[in-house]
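J.: If it helps, the file is called model14.cif and holds mmCIF, C-alpha atoms:
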data_query
#
loop_
_atom_site.group_PDB
_atom_site.id
_atom_site.type_symbol
_atom_site.label_atom_id
_atom_site.label_comp_id
_atom_site.auth_asym_id
_atom_site.auth_seq_id
_atom_site.Cartn_x
_atom_site.Cartn_y
_atom_site.Cartn_z
ATOM 1 C CA MET A 1 -83.573 72.348 -25.921
ATOM 2 C CA SER A 2 -80.215 71.784 -27.625
ATOM 3 C CA SER A 3 -80.689 68.009 -27.697
ATOM 4 C CA THR A 4 -83.994 68.537 -29.536
ATOM 5 C CA ASN A 5 -82.274 70.796 -32.063
ATOM 6 C CA ASN A 6 -79.477 68.266 -32.452
ATOM 7 C CA GLU A 7 -81.998 65.453 -32.992
ATOM 8 C CA ASN A 8 -83.968 67.539 -35.497
ATOM 9 C CA SER A 9 -80.820 68.341 -37.446
ATOM 10 C CA LYS A 10 -79.892 64.633 -37.506
ATOM 11 C CA ASN A 11 -83.381 63.760 -38.774
ATOM 12 C CA MET A 12 -83.204 66.456 -41.430
ATOM 13 C CA MET A 13 -79.745 65.306 -42.465
ATOM 14 C CA SER A 14 -81.018 61.742 -42.822
ATOM 15 C CA TRP A 15 -83.834 62.919 -45.102
ATOM 16 C CA ILE A 16 -81.417 65.025 -47.144
ATOM 17 C CA LYS A 17 -78.995 62.102 -47.575
ATOM 18 C CA ASN A 18 -81.716 59.694 -48.684
ATOM 19 C CA ILE A 19 -83.338 62.131 -51.090
ATOM 20 C CA SER A 20 -79.941 63.149 -52.485
ATOM 21 C CA PHE A 21 -79.055 59.502 -53.075
ATOM 22 C CA ALA A 22 -82.392 58.949 -54.845
ATOM 23 C CA ILE A 23 -81.793 62.002 -57.042
ATOM 24 C CA LEU A 24 -78.271 60.802 -57.846
ATOM 25 C CA MET A 25 -79.482 57.310 -58.809
ATOM 26 C CA PHE A 26 -82.329 58.792 -60.842
ATOM 27 C CA SER A 27 -79.915 61.143 -62.635
ATOM 28 C CA LEU A 28 -77.461 58.370 -63.456
ATOM 29 C CA ALA A 29 -80.282 56.190 -64.762
ATOM 30 C CA ALA A 30 -81.717 59.074 -66.785
ATOM 31 C CA TRP A 31 -78.340 59.773 -68.330
ATOM 32 C CA GLY A 32 -77.720 56.084 -69.032
ATOM 33 C CA GLN A 33 -81.180 55.567 -70.557
ATOM 34 C CA GLY A 34 -80.952 58.709 -72.670
ATOM 35 C CA LEU A 35 -83.978 60.329 -71.058
ATOM 36 C CA PHE A 36 -83.033 63.816 -72.235
ATOM 37 C CA THR A 37 -82.585 62.721 -75.846
ATOM 38 C CA ALA A 38 -85.900 60.859 -76.107
ATOM 39 C CA THR A 39 -87.960 61.921 -79.113
ATOM 40 C CA SER A 40 -91.502 60.889 -78.171
ATOM 41 C CA ALA A 41 -93.683 61.396 -75.097
ATOM 42 C CA GLU A 42 -94.207 57.629 -74.765
ATOM 43 C CA LEU A 43 -90.479 57.030 -74.624
ATOM 44 C CA VAL A 44 -89.985 59.782 -72.028
ATOM 45 C CA ILE A 45 -92.716 58.363 -69.787
ATOM 46 C CA ARG A 46 -91.345 54.820 -70.104
ATOM 47 C CA ARG A 47 -87.847 55.983 -69.247
ATOM 48 C CA LEU A 48 -89.120 58.020 -66.299
ATOM 49 C CA SER A 49 -90.731 54.863 -64.933
ATOM 50 C CA ASP A 50 -87.475 52.953 -65.368
ATOM 51 C CA CYS A 51 -85.413 55.732 -63.794
ATOM 52 C CA PHE A 52 -87.593 55.905 -60.673
ATOM 53 C CA LEU A 53 -87.520 52.129 -60.291
ATOM 54 C CA ILE A 54 -83.747 52.041 -59.695
ATOM 55 C CA PRO A 55 -83.669 54.218 -56.527
ATOM 56 C CA ALA A 56 -86.915 52.548 -55.417
ATOM 57 C CA THR A 57 -85.270 49.138 -55.563
ATOM 58 C CA ILE A 58 -82.042 50.187 -53.867
ATOM 59 C CA LEU A 59 -83.489 52.394 -51.116
ATOM 60 C CA GLY A 60 -86.541 50.230 -50.555
ATOM 61 C CA GLY A 61 -84.307 47.175 -50.297
ATOM 62 C CA ILE A 62 -81.971 48.813 -47.804
ATOM 63 C CA GLY A 63 -84.864 50.084 -45.685
ATOM 64 C CA SER A 64 -86.576 46.692 -45.731
ATOM 65 C CA MET A 65 -83.406 44.808 -44.874
ATOM 66 C CA THR A 66 -82.646 47.066 -41.904
ATOM 67 C CA TRP A 67 -86.179 46.533 -40.598
ATOM 68 C CA ILE A 68 -85.842 42.764 -40.995
ATOM 69 C CA ALA A 69 -82.474 42.880 -39.247
ATOM 70 C CA THR A 70 -83.980 44.613 -36.199
ATOM 71 C CA LYS A 71 -86.330 41.652 -35.787
ATOM 72 C CA GLY A 72 -83.343 39.329 -35.315
ATOM 73 C CA ASN A 73 -83.662 37.422 -38.573
ATOM 74 C CA PHE A 74 -79.989 37.778 -39.463
ATOM 75 C CA ASP A 75 -78.585 37.236 -35.968
ATOM 76 C CA MET A 76 -77.740 33.569 -36.436
ATOM 77 C CA LEU A 77 -76.125 34.224 -39.823
ATOM 78 C CA ALA A 78 -74.071 37.120 -38.464
ATOM 79 C CA PHE A 79 -73.086 35.110 -35.400
ATOM 80 C CA GLY A 80 -72.033 32.130 -37.529
ATOM 81 C CA ALA A 81 -69.901 34.258 -39.848
ATOM 82 C CA LYS A 82 -68.275 36.054 -36.918
ATOM 83 C CA LEU A 83 -67.611 32.771 -35.138
ATOM 84 C CA PHE A 84 -66.141 31.189 -38.272
ATOM 85 C CA PHE A 85 -63.698 34.031 -38.917
ATOM 86 C CA ASN A 86 -62.778 34.377 -35.234
ATOM 87 C CA MET A 87 -61.982 30.661 -35.080
ATOM 88 C CA MET A 88 -59.778 30.999 -38.164
ATOM 89 C CA LEU A 89 -57.925 34.045 -36.886
ATOM 90 C CA HIS A 90 -57.831 33.176 -33.168
ATOM 91 C CA PRO A 91 -58.169 29.390 -32.837
ATOM 92 C CA THR A 92 -57.088 29.253 -29.171
ATOM 93 C CA GLN A 93 -59.309 32.092 -27.967
ATOM 94 C CA LYS A 94 -62.562 31.156 -26.191
ATOM 95 C CA GLN A 95 -65.513 32.082 -28.393
ATOM 96 C CA GLU A 96 -68.688 33.656 -27.056
ATOM 97 C CA SER A 97 -71.954 31.737 -27.164
ATOM 98 C CA PHE A 98 -74.961 32.765 -29.223
ATOM 99 C CA TYR A 99 -76.723 33.900 -26.055
ATOM 100 C CA GLU A 100 -73.772 36.151 -25.133
ATOM 101 C CA TYR A 101 -73.721 37.496 -28.674
ATOM 102 C CA LYS A 102 -77.461 38.328 -28.530
ATOM 103 C CA MET A 103 -77.116 40.053 -25.143
ATOM 104 C CA ARG A 104 -74.162 42.108 -26.363
ATOM 105 C CA ARG A 105 -76.142 43.138 -29.455
ATOM 106 C CA GLU A 106 -79.137 44.133 -27.327
ATOM 107 C CA GLU A 107 -76.911 46.342 -25.160
ATOM 108 C CA LYS A 108 -75.529 48.105 -28.241
ATOM 109 C CA ASN A 109 -78.882 48.688 -29.947
ATOM 110 C CA PRO A 110 -81.723 48.279 -27.434
ATOM 111 C CA THR A 111 -84.346 50.191 -29.428
ATOM 112 C CA GLY A 112 -83.896 48.290 -32.681
ATOM 113 C CA LYS A 113 -83.223 51.323 -34.869
ATOM 114 C CA TRP A 114 -83.842 50.865 -38.564
ATOM 115 C CA ALA A 115 -83.656 53.068 -41.654
ATOM 116 C CA TRP A 116 -87.343 53.952 -42.003
ATOM 117 C CA ARG A 117 -86.589 57.191 -43.848
ATOM 118 C CA THR A 118 -84.718 55.200 -46.456
ATOM 119 C CA LEU A 119 -87.725 52.919 -46.878
ATOM 120 C CA VAL A 120 -90.088 55.909 -47.193
ATOM 121 C CA VAL A 121 -87.989 57.513 -49.946
ATOM 122 C CA GLY A 122 -87.787 54.147 -51.720
ATOM 123 C CA VAL A 123 -91.559 53.674 -51.538
ATOM 124 C CA VAL A 124 -92.155 57.196 -52.897
ATOM 125 C CA CYS A 125 -89.875 56.382 -55.847
ATOM 126 C CA LEU A 126 -91.744 53.104 -56.353
ATOM 127 C CA VAL A 127 -95.091 54.918 -56.393
ATOM 128 C CA LEU A 128 -93.752 57.416 -58.949
ATOM 129 C CA SER A 129 -92.416 54.566 -61.083
ATOM 130 C CA THR A 130 -95.778 52.809 -60.917
ATOM 131 C CA VAL A 131 -97.651 55.991 -61.851
ATOM 132 C CA PHE A 132 -95.448 56.511 -64.903
ATOM 133 C CA ALA A 133 -95.822 52.841 -65.876
ATOM 134 C CA ILE A 134 -99.616 53.132 -65.682
ATOM 135 C CA VAL A 135 -99.570 56.348 -67.714
ATOM 136 C CA PHE A 136 -97.349 54.637 -70.282
ATOM 137 C CA GLU A 137 -99.776 51.716 -70.574
ATOM 138 C CA ILE A 138 -102.707 54.106 -71.009
ATOM 139 C CA ILE A 139 -100.930 56.122 -73.707
ATOM 140 C CA VAL A 140 -99.662 53.111 -75.679
#
With the file now loaded, output its structure as structure tokens.
T.:
Amino acid sequence: MSSTNNENSKNMMSWIKNISFAILMFSLAAWGQGLFTATSAELVIRRLSDCFLIPATILGGIGSMTWIATKGNFDMLAFGAKLFFNMMLHPTQKQESFYEYKMRREEKNPTGKWAWRTLVVGVVCLVLSTVFAIVFEIIV
């Protein structure tokens, strides 16, 4: 029972963090674009579209990249970078093979966890941005 409560609180905390980050990015964009000083409805709608696009790009990108990473697409790049820096720092130490690296990674993260909540919040922001862009095109 307590593990379920702990898992639910972790899930809720993840949602809260992602939504809070989206609100923060939206607020910074709104302040930077002068959303609250806009004089016409067309300008407000255009700026709303722009302000939702920023968290959509950031959160959607992070969510997408974590999903791609769970499929193993960055394994060779990560292994190469790690090997390069290990050889520079510890030239006499025996380096692990790519196979050993993959097995060690699978032991650490066997389920392939990715930030799907981050992607969902990013997609919601993208949908809102698209809606405001369509409304702007209809009005103008």
J.: Name every residue that the PyMOL selection byres ((chain A and resi 120-123) around 6) selects in this structure, writing the answer as a ChimeraX atom specification with chains first and numbers rising.
T.: /A:56,59-60,117-119,124-126
J.: If I take atom CA of Phe136 of chain A and atom CA of Arg47 of chain A, how far is one from the other in Å, to one decimal?
T.: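 So the two atoms, atom CA of Phe136 of chain A and atom CA of Arg47 of chain A, lie 9.7 Å apart.
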J.: Rounded to one decimal place, report the atom CA of Thr66 of chain A-atom CA of Ser49 of chain A distance in Å.
T.: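 Interatomic distance, atom CA of Thr66 of chain A to atom CA of Ser49 of chain A: 25.6 Å.
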J.: What lies within 9 Å of segment 21-32 of chain A using all atoms listed in the file, ignoring chain neighbours under 2 positions off, as a ChimeraX atom specification?
T.: /A:16-19,34-36,47-48,50-56,58-59,121-122,125
J.: For Lys113 of chain A, please output as a list of chain:residue names all residues within 10 Å (counting only C-alpha atoms; exclusion window: fewer than 4 positions along the same chain).
T.: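 My list of contacting residues is A:Thr66, A:Trp67, A:Ala69, A:Thr70, A:Asn109.
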J.: So, counting all atoms listed in the file, which residue among A:Thr4, A:Gln93, A:Ser129, A:Ser64 is closest to Trp114 of chain A?
T.: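 Among A:Thr4, A:Gln93, A:Ser129, A:Ser64, it is A:Ser64 that comes nearest to Trp114 of chain A.
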J.: Separation of atom CA of Lys82 of chain A and atom CA of Trp116 of chain A, in Å?
T.: 26.6 Å
J.: Which residues would end up in the selection if the PyMOL selection byres ((chain A and resi 79) around 10) were applied here, given that I need the answer as a ChimeraX atom specification?
T.: /A:74-78,80-84,96-98,101-102
J.: Considering all atoms listed in the file, can you say which of A:Met87, A:Val44, A:Ala115, A:Ile139 comes closest to Ser14 of chain A?
T.: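 Among A:Met87, A:Val44, A:Ala115, A:Ile139, it is A:Ala115 that comes nearest to Ser14 of chain A.
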